[in-house]
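Undergrad: What follows is start10.csv, made up of CSV, N, CA and C atoms and all ligand atoms:
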```csv
chain,number,residue,atom,x,y,z
M,1,MET,N,3.8,7.5,36.9
M,1,MET,CA,3.4,6.4,36.0
M,1,MET,C,3.5,7.0,34.6
M,2,ILE,N,4.0,6.2,33.7
M,2,ILE,CA,4.2,6.6,32.3
M,2,ILE,C,2.9,6.1,31.5
M,3,ASN,N,2.3,7.1,30.8
M,3,ASN,CA,1.2,6.8,30.0
M,3,ASN,C,1.7,6.5,28.5
M,4,SER,N,1.9,5.3,28.2
M,4,SER,CA,2.5,5.0,26.9
M,4,SER,C,1.5,5.1,25.8
M,5,ARG,N,1.8,5.8,24.7
M,5,ARG,CA,0.9,6.0,23.6
M,5,ARG,C,1.4,5.2,22.4
M,6,ILE,N,2.5,4.4,22.6
M,6,ILE,CA,3.1,3.7,21.5
M,6,ILE,C,2.1,2.5,21.1
M,7,LYS,N,1.8,2.5,19.8
M,7,LYS,CA,0.9,1.5,19.3
M,7,LYS,C,1.7,0.5,18.5
M,8,ILE,N,1.5,-0.8,18.8
M,8,ILE,CA,2.2,-1.8,18.0
M,8,ILE,C,1.3,-2.2,16.9
M,9,ILE,N,1.8,-2.1,15.7
M,9,ILE,CA,1.0,-2.4,14.5
M,9,ILE,C,1.4,-3.8,13.9
M,10,SER,N,0.4,-4.4,13.2
M,10,SER,CA,0.7,-5.7,12.6
M,10,SER,C,1.5,-5.5,11.3
M,11,ILE,N,2.0,-6.6,10.8
M,11,ILE,CA,2.8,-6.5,9.5
M,11,ILE,C,1.8,-6.0,8.4
M,12,GLU,N,0.6,-6.5,8.4
M,12,GLU,CA,-0.4,-6.0,7.3
M,12,GLU,C,-0.6,-4.5,7.4
M,13,HIS,N,-0.8,-4.0,8.6
M,13,HIS,CA,-0.9,-2.5,8.8
M,13,HIS,C,0.3,-1.8,8.3
M,14,PHE,N,1.5,-2.4,8.7
M,14,PHE,CA,2.8,-1.7,8.3
M,14,PHE,C,2.9,-1.7,6.8
M,15,LYS,N,2.4,-2.7,6.1
M,15,LYS,CA,2.5,-2.8,4.6
M,15,LYS,C,1.6,-1.7,4.1
M,16,ILE,N,0.4,-1.5,4.7
M,16,ILE,CA,-0.5,-0.4,4.2
M,16,ILE,C,0.1,1.0,4.4
M,17,TYR,N,0.7,1.2,5.6
M,17,TYR,CA,1.4,2.4,5.9
M,17,TYR,C,2.5,2.7,4.8
M,18,CYS,N,3.2,1.6,4.5
M,18,CYS,CA,4.3,1.8,3.5
M,18,CYS,C,3.7,2.1,2.1
M,19,LYS,N,2.7,1.4,1.7
M,19,LYS,CA,2.0,1.7,0.4
M,19,LYS,C,1.6,3.1,0.3
M,20,ILE,N,1.0,3.6,1.4
M,20,ILE,CA,0.5,5.0,1.4
M,20,ILE,C,1.7,5.9,1.3
M,21,ALA,N,2.8,5.7,2.1
M,21,ALA,CA,3.9,6.6,2.2
M,21,ALA,C,4.6,6.7,0.8
M,22,VAL,N,4.6,5.7,0.0
M,22,VAL,CA,5.2,5.7,-1.3
M,22,VAL,C,4.3,6.0,-2.5
M,23,SER,N,3.0,6.4,-2.1
M,23,SER,CA,2.1,6.7,-3.2
M,23,SER,C,2.4,8.1,-3.8
M,24,PRO,N,2.2,8.2,-5.1
M,24,PRO,CA,2.6,9.5,-5.8
M,24,PRO,C,2.1,10.8,-5.1
M,25,ASN,N,0.8,10.8,-4.6
M,25,ASN,CA,0.3,12.0,-4.0
M,25,ASN,C,1.2,12.4,-2.8
M,26,ILE,N,1.5,11.4,-2.0
M,26,ILE,CA,2.3,11.7,-0.7
M,26,ILE,C,3.7,12.1,-1.1
M,27,ILE,N,4.3,11.4,-2.1
M,27,ILE,CA,5.7,11.8,-2.5
M,27,ILE,C,5.7,13.2,-3.1
M,28,ASN,N,4.8,13.5,-3.9
M,28,ASN,CA,4.7,14.9,-4.5
M,28,ASN,C,4.6,16.0,-3.5
M,29,ARG,N,3.7,15.7,-2.5
M,29,ARG,CA,3.5,16.7,-1.5
M,29,ARG,C,4.8,16.9,-0.6
M,30,ALA,N,5.4,15.8,-0.3
M,30,ALA,CA,6.6,15.8,0.5
M,30,ALA,C,7.8,16.5,-0.2
M,31,LEU,N,7.9,16.2,-1.5
M,31,LEU,CA,9.0,16.8,-2.3
M,31,LEU,C,8.8,18.4,-2.3
M,32,LYS,N,7.5,18.8,-2.5
M,32,LYS,CA,7.3,20.3,-2.6
M,32,LYS,C,7.6,20.9,-1.2
M,33,VAL,N,7.1,20.3,-0.1
M,33,VAL,CA,7.4,20.9,1.2
M,33,VAL,C,8.9,20.9,1.5
M,34,SER,N,9.5,19.8,1.1
M,34,SER,CA,11.0,19.6,1.4
M,34,SER,C,11.7,20.7,0.6
M,35,PHE,N,11.4,20.9,-0.6
M,35,PHE,CA,12.1,21.9,-1.5
M,35,PHE,C,12.0,23.3,-0.9
M,36,ILE,N,10.7,23.7,-0.5
M,36,ILE,CA,10.5,25.0,0.0
M,36,ILE,C,11.1,25.2,1.4
M,37,VAL,N,10.8,24.3,2.3
M,37,VAL,CA,11.3,24.4,3.7
M,37,VAL,C,12.8,24.2,3.7
M,38,GLY,N,13.3,23.1,3.0
M,38,GLY,CA,14.7,22.8,3.0
M,38,GLY,C,15.5,23.9,2.5
M,39,THR,N,15.1,24.5,1.4
M,39,THR,CA,15.8,25.7,0.8
M,39,THR,C,15.9,26.9,1.7
M,40,ALA,N,14.7,27.2,2.3
M,40,ALA,CA,14.7,28.3,3.3
M,40,ALA,C,15.6,28.1,4.4
M,41,LEU,N,15.6,26.8,5.0
M,41,LEU,CA,16.4,26.5,6.2
M,41,LEU,C,17.9,26.5,5.8
M,42,ASN,N,18.2,26.0,4.6
M,42,ASN,CA,19.6,25.9,4.2
M,42,ASN,C,20.1,27.4,4.0
M,43,LEU,N,19.3,28.2,3.4
M,43,LEU,CA,19.7,29.6,3.3
M,43,LEU,C,19.9,30.3,4.6
M,44,ILE,N,19.1,30.0,5.6
M,44,ILE,CA,19.2,30.6,6.9
M,44,ILE,C,20.5,30.0,7.6
M,45,ASN,N,20.7,28.7,7.5
M,45,ASN,CA,21.8,28.1,8.2
M,45,ASN,C,23.2,28.2,7.5
M,46,GLN,N,23.2,28.3,6.2
M,46,GLN,CA,24.5,28.4,5.5
M,46,GLN,C,24.5,29.6,4.5
M,47,TRP,N,23.9,30.7,4.9
M,47,TRP,CA,23.8,31.8,4.0
M,47,TRP,C,25.1,32.2,3.4
M,48,GLY,N,26.1,32.4,4.1
M,48,GLY,CA,27.4,32.9,3.6
M,48,GLY,C,28.0,32.0,2.5
M,49,ALA,N,28.0,30.7,2.8
M,49,ALA,CA,28.6,29.7,1.9
M,49,ALA,C,27.7,29.6,0.6
M,50,LEU,N,26.4,29.5,0.8
M,50,LEU,CA,25.5,29.3,-0.4
M,50,LEU,C,25.4,30.6,-1.3
M,51,THR,N,25.4,31.7,-0.7
M,51,THR,CA,25.2,32.9,-1.5
M,51,THR,C,26.5,33.3,-2.2
M,52,THR,N,27.6,32.9,-1.7
M,52,THR,CA,28.9,33.2,-2.4
M,52,THR,C,29.4,32.0,-3.2
M,53,ILE,N,28.5,30.9,-3.2
M,53,ILE,CA,28.8,29.6,-3.9
M,53,ILE,C,30.2,29.1,-3.5
M,54,ASP,N,30.4,29.2,-2.2
M,54,ASP,CA,31.7,28.7,-1.7
M,54,ASP,C,31.6,27.2,-1.3
M,55,PHE,N,31.7,26.3,-2.3
M,55,PHE,CA,31.5,24.9,-2.1
M,55,PHE,C,32.3,24.3,-1.0
M,56,GLU,N,33.5,24.8,-0.8
M,56,GLU,CA,34.4,24.2,0.3
M,56,GLU,C,33.8,24.4,1.7
M,57,ASN,N,33.0,25.4,1.9
M,57,ASN,CA,32.5,25.7,3.2
M,57,ASN,C,31.0,25.3,3.4
M,58,ILE,N,30.4,24.7,2.3
M,58,ILE,CA,29.0,24.2,2.4
M,58,ILE,C,29.1,22.8,3.1
M,59,ASN,N,28.4,22.6,4.2
M,59,ASN,CA,28.4,21.4,4.9
M,59,ASN,C,27.3,20.5,4.2
M,60,LEU,N,27.8,19.5,3.4
M,60,LEU,CA,26.8,18.7,2.6
M,60,LEU,C,25.9,17.8,3.5
M,61,THR,N,26.4,17.3,4.6
M,61,THR,CA,25.6,16.5,5.5
M,61,THR,C,24.4,17.4,6.0
M,62,LYS,N,24.7,18.6,6.5
M,62,LYS,CA,23.7,19.5,7.0
M,62,LYS,C,22.7,19.8,5.8
M,63,PHE,N,23.3,20.1,4.7
M,63,PHE,CA,22.5,20.5,3.5
M,63,PHE,C,21.5,19.4,3.2
M,64,MET,N,21.9,18.2,3.1
M,64,MET,CA,21.0,17.1,2.8
M,64,MET,C,20.0,16.8,3.9
M,65,LEU,N,20.4,16.8,5.1
M,65,LEU,CA,19.5,16.6,6.3
M,65,LEU,C,18.5,17.7,6.3
M,66,THR,N,18.8,18.9,5.9
M,66,THR,CA,17.9,20.0,6.0
M,66,THR,C,16.7,19.8,5.0
M,67,TYR,N,17.0,19.0,3.9
M,67,TYR,CA,15.9,18.6,3.0
M,67,TYR,C,15.2,17.3,3.5
M,68,LEU,N,16.0,16.4,4.1
M,68,LEU,CA,15.4,15.2,4.5
M,68,LEU,C,14.4,15.3,5.6
M,69,VAL,N,14.6,16.2,6.6
M,69,VAL,CA,13.7,16.3,7.7
M,69,VAL,C,12.3,16.8,7.3
M,70,PRO,N,12.2,17.9,6.6
M,70,PRO,CA,10.8,18.2,6.2
M,70,PRO,C,10.1,17.2,5.3
M,71,TYR,N,10.9,16.5,4.5
M,71,TYR,CA,10.4,15.4,3.6
M,71,TYR,C,9.8,14.3,4.5
M,72,SER,N,10.6,13.9,5.6
M,72,SER,CA,10.1,12.8,6.5
M,72,SER,C,8.9,13.2,7.3
M,73,VAL,N,8.9,14.5,7.8
M,73,VAL,CA,7.8,14.9,8.6
M,73,VAL,C,6.5,15.0,7.8
M,74,THR,N,6.6,15.5,6.6
M,74,THR,CA,5.5,15.6,5.7
M,74,THR,C,5.0,14.2,5.3
M,75,THR,N,5.9,13.3,5.0
M,75,THR,CA,5.4,12.0,4.6
M,75,THR,C,4.7,11.3,5.8
M,76,TYR,N,5.3,11.4,7.0
M,76,TYR,CA,4.7,10.8,8.2
M,76,TYR,C,3.3,11.4,8.4
M,77,THR,N,3.2,12.7,8.4
M,77,THR,CA,1.9,13.4,8.7
M,77,THR,C,0.9,13.0,7.7
M,78,ALA,N,1.2,13.1,6.4
M,78,ALA,CA,0.2,12.8,5.4
M,78,ALA,C,-0.2,11.3,5.5
M,79,THR,N,0.8,10.4,5.7
M,79,THR,CA,0.5,9.0,5.8
M,79,THR,C,-0.5,8.7,7.0
M,80,VAL,N,-0.2,9.3,8.1
M,80,VAL,CA,-1.1,9.1,9.3
M,80,VAL,C,-2.5,9.6,9.0
M,81,MET,N,-2.6,10.7,8.3
M,81,MET,CA,-3.9,11.3,8.0
M,81,MET,C,-4.7,10.4,7.0
M,82,LYS,N,-3.9,9.8,6.0
M,82,LYS,CA,-4.6,8.9,5.0
M,82,LYS,C,-5.0,7.6,5.7
M,83,VAL,N,-4.3,7.2,6.7
M,83,VAL,CA,-4.6,5.9,7.3
M,83,VAL,C,-5.9,6.0,8.1
M,84,GLU,N,-6.3,7.3,8.4
M,84,GLU,CA,-7.6,7.5,9.1
M,84,GLU,C,-8.8,7.2,8.3
M,85,PHE,N,-8.7,7.1,7.0
M,85,PHE,CA,-9.7,6.8,6.0
M,85,PHE,C,-11.0,7.7,6.3
M,86,GLN,N,-10.9,9.0,6.2
M,86,GLN,CA,-12.0,9.9,6.5
M,86,GLN,C,-13.0,9.8,5.4
M,87,ILE,N,-14.3,9.8,5.9
M,87,ILE,CA,-15.4,9.7,4.9
M,87,ILE,C,-15.4,10.8,3.9
M,88,GLY,N,-15.8,10.5,2.7
M,88,GLY,CA,-15.8,11.4,1.6
M,88,GLY,C,-14.5,11.6,0.9
M,89,THR,N,-13.4,11.0,1.4
M,89,THR,CA,-12.1,11.1,0.7
M,89,THR,C,-11.9,9.8,-0.1
M,90,LYS,N,-11.0,9.8,-1.0
M,90,LYS,CA,-10.7,8.6,-1.8
M,90,LYS,C,-9.7,7.7,-1.0
M,91,ALA,N,-10.0,6.4,-1.0
M,91,ALA,CA,-9.1,5.4,-0.3
M,91,ALA,C,-7.8,5.4,-1.2
M,92,ILE,N,-6.7,5.6,-0.5
M,92,ILE,CA,-5.4,5.6,-1.3
M,92,ILE,C,-4.9,4.2,-1.5
M,93,VAL,N,-5.4,3.2,-0.7
M,93,VAL,CA,-5.0,1.8,-0.9
M,93,VAL,C,-6.3,1.0,-0.6
M,94,GLU,N,-6.2,-0.3,-1.0
M,94,GLU,CA,-7.3,-1.2,-0.7
M,94,GLU,C,-7.2,-1.6,0.8
M,95,ALA,N,-8.3,-1.6,1.5
M,95,ALA,CA,-8.2,-1.9,2.9
M,95,ALA,C,-9.5,-2.4,3.5
M,96,TYR,N,-9.5,-3.1,4.6
M,96,TYR,CA,-10.6,-3.5,5.3
M,96,TYR,C,-10.7,-2.6,6.5
M,97,LEU,N,-11.9,-2.0,6.7
M,97,LEU,CA,-12.1,-1.0,7.8
M,97,LEU,C,-13.2,-1.5,8.7
M,98,LYS,N,-13.1,-1.0,10.0
M,98,LYS,CA,-14.1,-1.2,11.0
M,98,LYS,C,-14.5,0.1,11.6
M,99,CYS,N,-15.8,0.3,11.8
M,99,CYS,CA,-16.3,1.5,12.4
M,99,CYS,C,-16.0,1.3,13.9
M,100,THR,N,-15.3,2.4,14.5
M,100,THR,CA,-14.9,2.3,15.9
M,100,THR,C,-16.1,2.4,16.9
M,101,LYS,N,-17.2,2.9,16.4
M,101,LYS,CA,-18.4,3.1,17.2
M,101,LYS,C,-19.3,1.9,17.3
M,102,CYS,N,-19.6,1.3,16.1
M,102,CYS,CA,-20.6,0.3,16.1
M,102,CYS,C,-20.0,-1.1,15.7
M,103,GLY,N,-18.8,-1.1,15.1
M,103,GLY,CA,-18.2,-2.3,14.7
M,103,GLY,C,-18.5,-2.8,13.3
M,104,GLU,N,-19.3,-2.0,12.6
M,104,GLU,CA,-19.5,-2.4,11.2
M,104,GLU,C,-18.2,-2.5,10.4
M,105,GLU,N,-18.1,-3.5,9.5
M,105,GLU,CA,-16.9,-3.7,8.7
M,105,GLU,C,-17.2,-3.5,7.2
M,106,ILE,N,-16.3,-2.8,6.6
M,106,ILE,CA,-16.4,-2.6,5.1
M,106,ILE,C,-15.1,-2.9,4.4
M,107,HIS,N,-15.1,-3.1,3.1
M,107,HIS,CA,-13.9,-3.3,2.3
M,107,HIS,C,-13.9,-2.2,1.3
M,108,VAL,N,-12.8,-1.4,1.2
M,108,VAL,CA,-12.7,-0.3,0.2
M,108,VAL,C,-11.6,-0.7,-0.7
M,109,HIS,N,-11.8,-0.3,-2.0
M,109,HIS,CA,-10.8,-0.5,-3.0
M,109,HIS,C,-10.0,0.8,-3.2
M,110,LYS,N,-8.9,0.7,-3.8
M,110,LYS,CA,-8.1,1.9,-4.1
M,110,LYS,C,-8.9,2.9,-4.9
M,111,ASP,N,-8.8,4.1,-4.6
M,111,ASP,CA,-9.5,5.2,-5.3
M,111,ASP,C,-11.0,5.2,-5.1
M,112,GLU,N,-11.6,4.3,-4.3
M,112,GLU,CA,-13.0,4.3,-4.0
M,112,GLU,C,-13.3,5.4,-2.9
M,113,LEU,N,-14.5,6.0,-3.1
M,113,LEU,CA,-14.8,7.0,-2.1
M,113,LEU,C,-15.2,6.3,-0.8
M,114,ILE,N,-14.6,6.8,0.3
M,114,ILE,CA,-14.9,6.2,1.6
M,114,ILE,C,-16.3,6.6,2.1
M,115,PRO,N,-17.1,5.6,2.3
M,115,PRO,CA,-18.5,5.9,2.7
M,115,PRO,C,-18.7,6.1,4.2
M,116,GLU,N,-19.9,6.6,4.6
M,116,GLU,CA,-20.2,6.7,6.0
M,116,GLU,C,-20.6,5.3,6.4
M,117,CYS,N,-20.5,5.1,7.7
M,117,CYS,CA,-21.1,3.8,8.3
M,117,CYS,C,-22.6,3.9,8.2
M,118,SER,N,-23.3,2.8,7.8
M,118,SER,CA,-24.7,2.9,7.7
M,118,SER,C,-25.5,3.2,9.0
M,119,LYS,N,-24.8,2.9,10.1
M,119,LYS,CA,-25.5,3.2,11.4
M,119,LYS,C,-25.1,4.6,12.0
M,120,CYS,N,-23.8,5.0,11.8
M,120,CYS,CA,-23.3,6.1,12.5
M,120,CYS,C,-23.3,7.4,11.6
M,121,GLY,N,-23.5,7.3,10.3
M,121,GLY,CA,-23.6,8.5,9.5
M,121,GLY,C,-22.3,9.4,9.5
M,122,LEU,N,-22.6,10.6,9.7
M,122,LEU,CA,-21.4,11.6,9.7
M,122,LEU,C,-20.5,11.4,10.9
M,123,ASN,N,-20.9,10.7,11.9
M,123,ASN,CA,-20.0,10.4,13.1
M,123,ASN,C,-19.1,9.2,12.9
M,124,THR,N,-19.1,8.7,11.7
M,124,THR,CA,-18.3,7.5,11.4
M,124,THR,C,-16.8,7.8,11.7
M,125,HIS,N,-16.1,6.8,12.3
M,125,HIS,CA,-14.7,6.9,12.4
M,125,HIS,C,-14.1,5.5,12.1
M,126,TRP,N,-13.5,5.3,10.9
M,126,TRP,CA,-13.0,4.0,10.5
M,126,TRP,C,-11.6,3.8,11.0
M,127,LYS,N,-11.3,2.5,11.3
M,127,LYS,CA,-9.9,2.1,11.6
M,127,LYS,C,-9.6,0.9,10.8
M,128,LEU,N,-8.3,0.6,10.6
M,128,LEU,CA,-7.9,-0.5,9.8
M,128,LEU,C,-8.2,-1.8,10.6
M,129,ILE,N,-8.5,-2.9,10.0
M,129,ILE,CA,-8.6,-4.2,10.6
M,129,ILE,C,-7.7,-5.2,9.9
Z,201,ZN,ZN,-20.7,2.8,12.8
```
So that I can check it, write out the structure of this file as structure tokens.
TA:
Amino acid sequence: MINSRIKIISIEHFKIYCKIAVSPNIINRALKVSFIVGTALNLINQWGALTTIDFENINLTKFMLTYLVPYSVTTYTATVMKVEFQIGTKAIVEAYLKCTKCGEEIHVHKDELIPECSKCGLNTHWKLI
């Protein structure tokens, strides 16, 4: 039996994911990681062509993909973490949240500190509604 972990998200949730993914904090972090990791991997994979500046033998598709992959992975990971709306962090977008333990609902604005649930305290776990 296959245990499917694929979650179908609504259009509204998708819009929130996209807003977070293109926010300046996420883009800056992804660009930094992409530059460092992509450069290291490009040097490993195309050392001869890059160190001798032999442009004819540099594979541009591999070169660009080597930067794109860490950018994508960093963006995905950071976005998923921000969507969890952890207490004590700033909300990166406006959202309606529901406590997964007691069902309490709140509305947070962009840059607002995400509070604890009034009933669950430090055990709060918010999810998008
Ligand atoms: Zn709660």
Undergrad: Quote the spacing between atom CA of M:Val93 and atom N of M:Ala78 in Å to one decimal place.
TA: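 That distance, rounded to one decimal, is 14.8 Å.
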Undergrad: Please, what distance in Å, to one decimal, runs between atom CA of M:Glu112 and atom CA of M:Thr89?
TA: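 Computing it gives 8.3 Å between the two atoms.
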Undergrad: Can you pull out every residue with an atom within 12 Å of ligand ZN 201 (chain Z)? Use only C-alpha atoms and all ligand atoms and format it as a ChimeraX atom specification.
TA: /M:87,97-106,115-127
Undergrad: Can you write out as JSON lines which residues of stretch 56-105 of chain M fall within 8 Å of stretch 17-21 of chain M, alongside each residue's closest atom pair and its distance in Å to one decimal, counting all atoms listed in the file and ordering rows by chain and ascending residue number?
TA:
```
{"residue": "M:Thr75", "atom": "C", "partner": "M:Ala21", "partner_atom": "CA", "distance": 6.0}
{"residue": "M:Tyr76", "atom": "N", "partner": "M:Ala21", "partner_atom": "CA", "distance": 6.9}
{"residue": "M:Ala78", "atom": "C", "partner": "M:Ala21", "partner_atom": "CA", "distance": 7.1}
{"residue": "M:Thr79", "atom": "CA", "partner": "M:Ala21", "partner_atom": "N", "distance": 5.5}
{"residue": "M:Val80", "atom": "N", "partner": "M:Tyr17", "partner_atom": "CA", "distance": 7.4}
{"residue": "M:Lys82", "atom": "CA", "partner": "M:Ile20", "partner_atom": "CA", "distance": 7.4}
{"residue": "M:Val83", "atom": "CA", "partner": "M:Tyr17", "partner_atom": "CA", "distance": 7.1}
{"residue": "M:Ile92", "atom": "C", "partner": "M:Ile20", "partner_atom": "CA", "distance": 6.2}
{"residue": "M:Val93", "atom": "N", "partner": "M:Ile20", "partner_atom": "CA", "distance": 6.5}
```
Undergrad: Keeping only N, CA and C atoms, write the selected residues as an mmCIF file, keeping the file's coordinate frame.
TA:
```cif
data_model
loop_
_atom_site.group_PDB
_atom_site.id
_atom_site.type_symbol
_atom_site.label_atom_id
_atom_site.label_comp_id
_atom_site.auth_asym_id
_atom_site.auth_seq_id
_atom_site.Cartn_x
_atom_site.Cartn_y
_atom_site.Cartn_z
ATOM 1 N N THR M 75 5.900 13.300 5.000
ATOM 2 C CA THR M 75 5.400 12.000 4.600
ATOM 3 C C THR M 75 4.700 11.300 5.800
ATOM 4 N N TYR M 76 5.300 11.400 7.000
ATOM 5 C CA TYR M 76 4.700 10.800 8.200
ATOM 6 C C TYR M 76 3.300 11.400 8.400
ATOM 7 N N ALA M 78 1.200 13.100 6.400
ATOM 8 C CA ALA M 78 0.200 12.800 5.400
ATOM 9 C C ALA M 78 -0.200 11.300 5.500
ATOM 10 N N THR M 79 0.800 10.400 5.700
ATOM 11 C CA THR M 79 0.500 9.000 5.800
ATOM 12 C C THR M 79 -0.500 8.700 7.000
ATOM 13 N N VAL M 80 -0.200 9.300 8.100
ATOM 14 C CA VAL M 80 -1.100 9.100 9.300
ATOM 15 C C VAL M 80 -2.500 9.600 9.000
ATOM 16 N N LYS M 82 -3.900 9.800 6.000
ATOM 17 C CA LYS M 82 -4.600 8.900 5.000
ATOM 18 C C LYS M 82 -5.000 7.600 5.700
ATOM 19 N N VAL M 83 -4.300 7.200 6.700
ATOM 20 C CA VAL M 83 -4.600 5.900 7.300
ATOM 21 C C VAL M 83 -5.900 6.000 8.100
ATOM 22 N N ILE M 92 -6.700 5.600 -0.500
ATOM 23 C CA ILE M 92 -5.400 5.600 -1.300
ATOM 24 C C ILE M 92 -4.900 4.200 -1.500
ATOM 25 N N VAL M 93 -5.400 3.200 -0.700
ATOM 26 C CA VAL M 93 -5.000 1.800 -0.900
ATOM 27 C C VAL M 93 -6.300 1.000 -0.600
#
```
Undergrad: Could you give me, as an MDAnalysis selection string, the residues that sit within 12 Å of (19.4, 28.2, 4.9) in the file's coordinates, counting only C-alpha atoms?
TA: chainID M and resid 35:51 58:59 62:67
Undergrad: Separation of atom C of M:Ile11 and atom CA of M:Tyr71, in Å?
TA: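 Interatomic distance, atom C of M:Ile11 to atom CA of M:Tyr71: 23.6 Å.
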Undergrad: Looking at only C-alpha atoms, which of M:Ser72, M:Ser10, M:Lys32, M:Leu113 is the one that sits closest to M:Phe85?
TA: M:Leu113
Undergrad: Would you list, as a PyMOL selection string, the residues of chain M that end up in alpha helix (DSSP H) under DSSP run on this structure's backbone?
TA: chain M and resi 11-21+24-45+47-51+60-83
Undergrad: Given the choices M:Ala30, M:Ala95, M:Gly88, M:Ile16, which gets closest to M:Val73 if the distance is worked out from all atoms listed in the file?
TA: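 Among the listed residues, the smallest separation from M:Val73 belongs to M:Ala30.
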